[in-house]
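To start, the structure itself, in structure tokens.
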Amino acid sequence: MRRIIRRRELVADDARYAGEEAGPNTRLVPPAAQFIALLRAGHAVAGGAAVLIGPTDEVEPLAPHLPLLKLIVVDFPRIGEGRGFSQARTLRQRYRYDGELRARGVLKRDQLFFLARCGFDSFDLDPSENLEAALGAFNDFSVAYQDGSEAVVQVRRRASSGGLA
Amino acid sequence: MYRYDQIDQTLVNERVAQFRDQTRRFLAGELSEDEFRPLRLRNGLYIQRFAPMLRVSIPYGLLSTTQLRMLAHIARTYDRNYGHFTTRQNIQYNWPALERVPDILADLASVEMHAIQTSGNCIRNITADHLAGVAPDEITDPRPYCEIIRQWAALHPEFSYLPRKFKIAVTASPADRAAVEIHDVGVRIKRGPDAEIGFEILAGGGLGRTPILGKLIRSFLPQADLLAYLEAILRVYNRYGRRDNIHKARIKILLRTLGAEEFTRQVEHEFEVGREFAPRLEQHEVERMRGFFAPPPYQRLEHSTPEIGSVSSGSPAYDAWLRYNTRHHKIPGYRVVFVSLKKHGEAPGDISAEQMDALAQLADRVSFGMVRATHDQNLVLADVPQSALAEVWRELDALGLATANIGTLTDMICCPGLDFCSLANAGSIDVAKQIHARFDDLDYLYDLGPIEIKMSGCMNACGHHHIGHIGILGVDKHGKEWYQITIGGSSTGPAALGEVIGPSVPKEQVSDTIARLLEVYVRERHGDDERFVDAVRRIGIEPFQERVYETNHSPA
């Protein structure tokens with residue numbers, strides 16, 4: 001059984017992706033393009049849906065459908081992939097998406113703090129990662145220079161610095 | 001200078017702890033080489049030909065003597081007693097042991113220093129005019145803005161995994177001693193119609209294998225929007241910069257592919273829609289930062305009469321040093337002193353622990369305890385009373401740091417090359433030595449006037465060869481070291497990329513080739529004031545090509 005980190009706790013993964021076998025209590029997370037195509041074709045989609053977005057996907061077409069979504073999974077398929085950080089911030093800030101936002105892929109604990117600050121609140125890390133140890137990475141830094149979109153870390157910022165605070 | 005508060009210090013300390021744990025996991029086999037690489041690189045740690053190389057950040061080149069002494073201590077304790085200043089105003093150590101790097105970082109943190117983002121695909125050290133705060137021609141001191149950008153860029157959650165490295169330079173002077181046109185983003189401080197501070201923004205400059213000068217994308221950005229606009233540029237780049245080919249991943253390629261107009265449109269759009277959430281730079285924050293860069297307690301002095309360097313002191317060596325290694329200061333009675341790290345026999349930019357310690361002591365005595373690193377790989381004592389110049393010269397001379405060659409042919413920029421760097425195709429340091437040996441007659445160099453030679457051991461262009469008046473690029477030809485020569489490049493006034501004069505030449509012919517270029521220059525020169533690069537601009541490269549490739553000097 002695959003485990004993920006959700007809001008700083010280890011829980012069983014509730015998602016499966018194209019090509020994976022259905023497990024108990026899992027739901028299929030389709031690619032965002034497929035989801036949008038279904039909507040455009042007139043299919044009714046109940047609330048609480050989930051989508052997967054890849055590095056080259058635009059987030060803008062999802063914007064009108066965000067109220068339907070309970071989970072957005074952002075894929076980081078390679079070491080050093082960084083587009084998802086901007087996708088997350090755009091979803092959280094400009095589009096005010098407040099459902100679950102999950103980072104998935106070739107991610108280690110070393111990216112957790114940055115991911116959390118960009119607004120991710122659940123994490124499907126690389127299978128090689130020690131998840132118990134990874135939980136500590138949310139506390140890698142207790143301070144930061146930038147404003148964040150975080151739900152799961154707390155940082156102290158300089159009070160005197162106006163726009164930077 | 002900027003001093004850390006509790007937040008800055010905590011952040012740097014926590015980064016040391018994080019890196020210590022990452023190093024431990026790598027050594028314990030919990031992180032693979034591929035996994036550790038991006039983690040160590042973003043902390044300035046390369047695995048080089050013989051040993052790791054650690055690059056330490058010197059924000060906009062500014063160092064206190066306490067920090068300089070720590071750099072000497074690190075050279076002595078963890079390395080082979082020397083360090084190497086780079087073209088990004090940083091310092092590198094070539095021989096640290098991997099397992100001791102966390103201890104080096106802890107030592108650095110104790111003097112408010114770090115190695116954060118000195119390498120890797122992230123926002124690198126912010127560079128600036130090395131004469132900031134003392135140059136007579138600057139609009140305002142750029143360093144408060146540099147520090148603001150540094151803090152914004154440090155461990156930025158969104159922009160720490162970019163397609164490729166990202167370099168920002170800031171200048172506040174028309175002379176542009178920061179070479180902003182060859183940066184991913186260049187910031188030119190200017191004044192608006194009501195004398196308010198704002199910025200001209202250039203984007204998409206860079207050297208490497210596709211040298212391009214930056215394009216103007218915003219002619220006047222209000223001060224409050226500086227960070228918001230940088231976020232917009234970085235977000236467009238982070239989302240659309242290429243990640244499939246490391247050689248096409250810099251922002252300059254994105255800008256070229258989209259065209260400057262479309263790129264600018266996307267940035268402006270992102271700026272508008274993101275503004276509400278982006279940081280706003282308030283005037284009181286600028287004022288707070290400005291406080292850190294207040295002028296030192298200058299004494300009320302008069303400029304020496306007659307003017308420094310205008311009459312002979314009786315010592316030709318001292319006169320030459322005054323003329324070439326010192327510059328005007330905006331405060332009467334003070335002078336800017338360049339400390340030459342370009343002595344014959346030494347690798348350009350190298351300095352020993354003993355030299356660093358002695359220089360720190362000297363700076364404490366005569367320059368308010370501060371030292372600066374230049375992007376030409378020299379150091380600067382920025383605030384020397386004119387009455388102390390003779391004493392400073394004697395001490396620097398005794399230390400081997402007074403070679404009177406600043407701005408001349410032997411003030412070469414040079415990367416570590418094949419001797420240290422695992423990327424290099426060819427050596428740089430021994431070519432620099434060859435050039436030094438060939439052109440050791442200072443009077444001849446003075447007659448030639450200002451000439452910038454810049455040399456890189458490979459097309460990554462760490463030595464900025466494209467913007468050298470004479471550029472030298474090491475190439476590998478069937479396992480042998482050859483050198484491609486360009487002429488006519490310049491970092492300023494206006495910036496230009498050099499043109500390749502022809503087929504590359506073998507190592508032993510590099511200085512001979514330069515001699516032939518100079519021969520043509522001396523023959524064609526219009527008066528004493530026409531610099532080499534001006535002559536190349538006026539007459540083109542053909543006369544130089546003809547001379548270099550005459551049949552009795554066929555480079556095969």
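To be explicit about the labels: the chains of the structure tokens are called A, B, and onward in the order shown, and within each one the residues are counted from 1, while ligands get numbers from 1 in the order they are shown.
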| field | 12 Å contact set for A:Arg117, only C-alpha atoms, chain neighbours under 3 positions out, as a count of residues only | value | 38
| task | Give the residues of chain B that lie within 7 Å of chain A; count only C-alpha atoms, and format the answer as a PyMOL selection string. | result | chain B and resi 7+11+14+18+151-152+156-158+161-162+235+238-239+274+277+279-282+285
Can you write out the residues you just picked, keeping N, CA and C atoms, as a compact mmCIF listing (two decimals), in the first residue's frame?
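The resulting again.txt:
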# COMPACT_ATOMS: atom_id res chain seq x y z
N ILE B 7 16.68 36.87 12.22
CA ILE B 7 16.07 36.09 11.14
C ILE B 7 17.13 35.64 10.13
N LEU B 11 18.24 31.69 9.58
CA LEU B 11 18.11 31.07 8.26
C LEU B 11 19.42 30.42 7.83
N GLU B 14 20.17 27.38 9.97
CA GLU B 14 19.32 26.24 9.62
C GLU B 14 19.73 25.63 8.28
N GLN B 18 20.74 21.79 7.60
CA GLN B 18 20.11 21.03 6.52
C GLN B 18 21.18 20.40 5.61
N GLN B 151 17.86 39.05 -0.45
CA GLN B 151 16.98 38.42 0.53
C GLN B 151 15.76 37.81 -0.14
N TRP B 152 15.20 38.53 -1.08
CA TRP B 152 14.03 38.00 -1.79
C TRP B 152 14.37 36.69 -2.50
N HIS B 156 14.10 31.04 -2.25
CA HIS B 156 12.76 31.39 -2.74
C HIS B 156 11.99 30.10 -3.02
N PRO B 157 10.81 29.93 -2.42
CA PRO B 157 10.14 28.64 -2.55
C PRO B 157 9.72 28.30 -3.98
N GLU B 158 9.40 29.31 -4.76
CA GLU B 158 8.92 29.04 -6.12
C GLU B 158 10.07 28.95 -7.13
N TYR B 161 14.01 25.76 -8.27
CA TYR B 161 14.26 24.68 -9.23
C TYR B 161 13.96 25.18 -10.64
N LEU B 162 14.75 26.15 -11.06
CA LEU B 162 14.57 26.79 -12.37
C LEU B 162 15.12 25.87 -13.47
N ARG B 235 8.56 33.86 -13.06
CA ARG B 235 7.46 32.92 -13.22
C ARG B 235 7.29 32.53 -14.69
N ASN B 238 10.21 30.24 -15.35
CA ASN B 238 10.10 28.94 -14.69
C ASN B 238 9.08 28.04 -15.39
N ARG B 239 8.03 28.64 -15.91
CA ARG B 239 6.99 27.82 -16.55
C ARG B 239 7.34 27.48 -18.00
N GLY B 274 -0.45 39.11 -11.12
CA GLY B 274 0.17 38.62 -9.90
C GLY B 274 0.43 39.69 -8.87
N PHE B 277 -0.56 39.71 -5.14
CA PHE B 277 0.06 38.75 -4.22
C PHE B 277 1.56 38.95 -4.12
N PRO B 279 5.29 40.69 -3.58
CA PRO B 279 5.83 41.61 -2.58
C PRO B 279 5.91 43.03 -3.13
N ARG B 280 5.61 43.99 -2.29
CA ARG B 280 5.69 45.39 -2.66
C ARG B 280 6.85 46.00 -1.88
N LEU B 281 7.70 46.69 -2.58
CA LEU B 281 8.88 47.26 -1.92
C LEU B 281 8.54 48.65 -1.41
N GLU B 282 8.36 48.74 -0.10
CA GLU B 282 7.94 50.01 0.50
C GLU B 282 9.16 50.92 0.73
N GLU B 285 11.24 50.33 3.81
CA GLU B 285 12.16 49.19 3.73
C GLU B 285 13.45 49.61 3.00
| task | Find the residues near B:Asp512: any atom within 9 Å, counting only C-alpha atoms, skip ones fewer than 5 places away on the same chain, and give them as a list in words. | result |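 Residues meeting the cut-off are Ile435, Arg438, Leu517 and Val548 of chain B.
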Output file for the residues above (N, CA and C atoms, as an mmCIF file, in the first residue's frame):
data_model
loop_
_atom_site.group_PDB
_atom_site.id
_atom_site.type_symbol
_atom_site.label_atom_id
_atom_site.label_comp_id
_atom_site.auth_asym_id
_atom_site.auth_seq_id
_atom_site.Cartn_x
_atom_site.Cartn_y
_atom_site.Cartn_z
ATOM 1 N N ILE B 435 51.119 34.630 -21.442
ATOM 2 C CA ILE B 435 50.888 36.024 -21.840
ATOM 3 C C ILE B 435 51.668 36.972 -20.931
ATOM 4 N N ARG B 438 55.292 36.905 -21.937
ATOM 5 C CA ARG B 438 55.554 37.583 -23.207
ATOM 6 C C ARG B 438 55.462 39.108 -23.056
ATOM 7 N N LEU B 517 48.153 40.846 -33.143
ATOM 8 C CA LEU B 517 46.973 41.726 -33.046
ATOM 9 C C LEU B 517 47.399 43.119 -32.587
ATOM 10 N N VAL B 548 47.386 37.963 -38.600
ATOM 11 C CA VAL B 548 47.476 36.732 -37.805
ATOM 12 C C VAL B 548 47.646 35.507 -38.694
#
| message | Considering only C-alpha atoms, can you say which of B:Arg100, B:Arg288, B:His436, B:His303 comes closest to B:Lys343? | response | B:His436
| request: Quick one: pick out all strand (DSSP E) residues within chain A from a backbone DSSP run and write them as JSON, numbers by chain. | output: {"A": [3, 4, 5, 6, 9, 10, 11, 12, 15, 16, 27, 28, 49, 50, 51, 52, 53, 69, 70, 71, 72, 73, 74, 75, 76, 100, 101, 102, 103, 104, 105, 122, 123, 124]}
| request: Considering only C-alpha atoms, state which residue in the set B:Gly214, B:Gly345, B:Pro450, B:Gly204 is at the smallest distance from B:Glu181. | output: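 So, comparing all the options, the nearest one is B:Gly214.
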| message | Can you tell me which residues surround B:Met53 at a distance of at most 12 Å, considering only C-alpha atoms, apart from same-chain residues fewer than 3 positions away, and format the answer as a ChimeraX atom specification? | response | /B:40-41,43-50,56,78-79,83-84,91-98,101,115,118-119,416,420-422
| query | With only C-alpha atoms as the basis for distance, which of A:Leu39, A:Leu28, A:Gly105, A:Tyr95 is at the shortest distance from A:Gly54? | reply |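 Result for the nearest residue to A:Gly54: A:Gly105.
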| message | Considering only alpha helix (DSSP H) as DSSP defines it on the backbone, what residues of stretch 114-222 of chain B qualify? List them as a ChimeraX atom specification. | response | /B:143-153
Counting only C-alpha atoms, what is within 9 Å of B:Leu108, bar same-chain residues fewer than 4 positions away, as a short mmCIF file (atom, residue, chain, number, x, y, z; two decimals) with N, CA and C atoms, in the first residue's frame?
data_model
loop_
_atom_site.label_atom_id
_atom_site.label_comp_id
_atom_site.auth_asym_id
_atom_site.auth_seq_id
_atom_site.Cartn_x
_atom_site.Cartn_y
_atom_site.Cartn_z
N VAL B 56 31.94 30.21 -2.30
CA VAL B 56 31.34 30.94 -1.18
C VAL B 56 30.79 32.27 -1.70
N GLN B 67 35.26 39.08 7.92
CA GLN B 67 34.92 38.03 6.96
C GLN B 67 36.16 37.61 6.16
N MET B 70 38.16 35.30 8.08
CA MET B 70 37.56 33.96 8.10
C MET B 70 37.86 33.23 6.78
N LEU B 71 37.84 33.95 5.67
CA LEU B 71 38.18 33.31 4.39
C LEU B 71 39.63 32.81 4.42
N ILE B 74 39.70 29.66 6.57
CA ILE B 74 39.18 28.50 5.84
C ILE B 74 40.24 27.99 4.85
N ASP B 103 31.36 21.84 8.12
CA ASP B 103 32.09 22.63 9.12
C ASP B 103 32.52 23.98 8.55
N ILE B 104 32.90 23.96 7.27
CA ILE B 104 33.26 25.24 6.63
C ILE B 104 32.04 26.16 6.63
N GLU B 112 28.43 35.72 9.33
CA GLU B 112 27.35 36.19 8.46
C GLU B 112 27.65 35.94 6.98
N MET B 113 28.14 34.74 6.71
CA MET B 113 28.38 34.35 5.30
C MET B 113 27.80 32.97 5.04
N HIS B 114 27.70 32.62 3.76
CA HIS B 114 27.13 31.33 3.38
C HIS B 114 27.55 30.98 1.95
N ALA B 115 27.10 29.81 1.48
CA ALA B 115 27.36 29.41 0.10
C ALA B 115 26.03 29.15 -0.62
#
| query | For the atom pair atom CA of B:Pro297 and atom CA of B:Ser64, what is the interatomic distance in Å to one decimal place? | reply |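 Between these atoms lies a distance of 15.6 Å.
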| query | Which polymer residues have any atom within 12 Å of an atom of A:Gln34, counting only C-alpha atoms, with same-chain residues fewer than 3 positions away left out, as number ranges by chain? | reply | A: 18, 29-31, 37-41, 43, 50-53, 57, 61-62
Given the selection you just returned, output its residues as a file containing C-alpha atoms, formatted as a short mmCIF file (atom, residue, chain, number, x, y, z; two decimals), in the first residue's frame.
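Final output, saved to part.cif:
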data_model
loop_
_atom_site.label_atom_id
_atom_site.label_comp_id
_atom_site.auth_asym_id
_atom_site.auth_seq_id
_atom_site.Cartn_x
_atom_site.Cartn_y
_atom_site.Cartn_z
CA ALA A 18 -3.95 5.75 -15.46
CA VAL A 29 -7.16 10.77 -10.93
CA PRO A 30 -7.42 11.56 -14.64
CA PRO A 31 -5.13 13.96 -16.49
CA ALA A 37 -12.50 17.41 -22.50
CA LEU A 38 -15.21 15.45 -20.70
CA LEU A 39 -16.71 18.65 -19.34
CA ARG A 40 -16.63 20.27 -22.74
CA ALA A 41 -18.32 17.22 -24.26
CA HIS A 43 -20.56 15.13 -19.35
CA ALA A 50 -9.65 15.05 -8.86
CA VAL A 51 -7.21 15.84 -11.66
CA LEU A 52 -3.53 15.37 -12.43
CA ILE A 53 -1.55 18.14 -14.05
CA ASP A 57 -0.08 21.73 -18.61
CA PRO A 61 -8.13 26.24 -18.40
CA LEU A 62 -8.84 24.60 -15.04
#
| message | Rounded to one decimal, what separation in Å do you get between atom CA of B:Arg69 and atom CA of B:Met356? | response |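 Taking atom CA of B:Arg69 as the start and atom CA of B:Met356 as the end point, the length is 6.6 Å.
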| message | List as a VMD selection string the protein and nucleic acid residues near B:Arg143, meaning an atom at most 12 Å away when only C-alpha atoms are counted, but skip any in the same chain fewer than 2 places from it. | response | chain B and resid 1 to 2 59 to 62 126 to 134 138 to 141 145 to 150 169 to 172 178 187 189 286 289 to 294
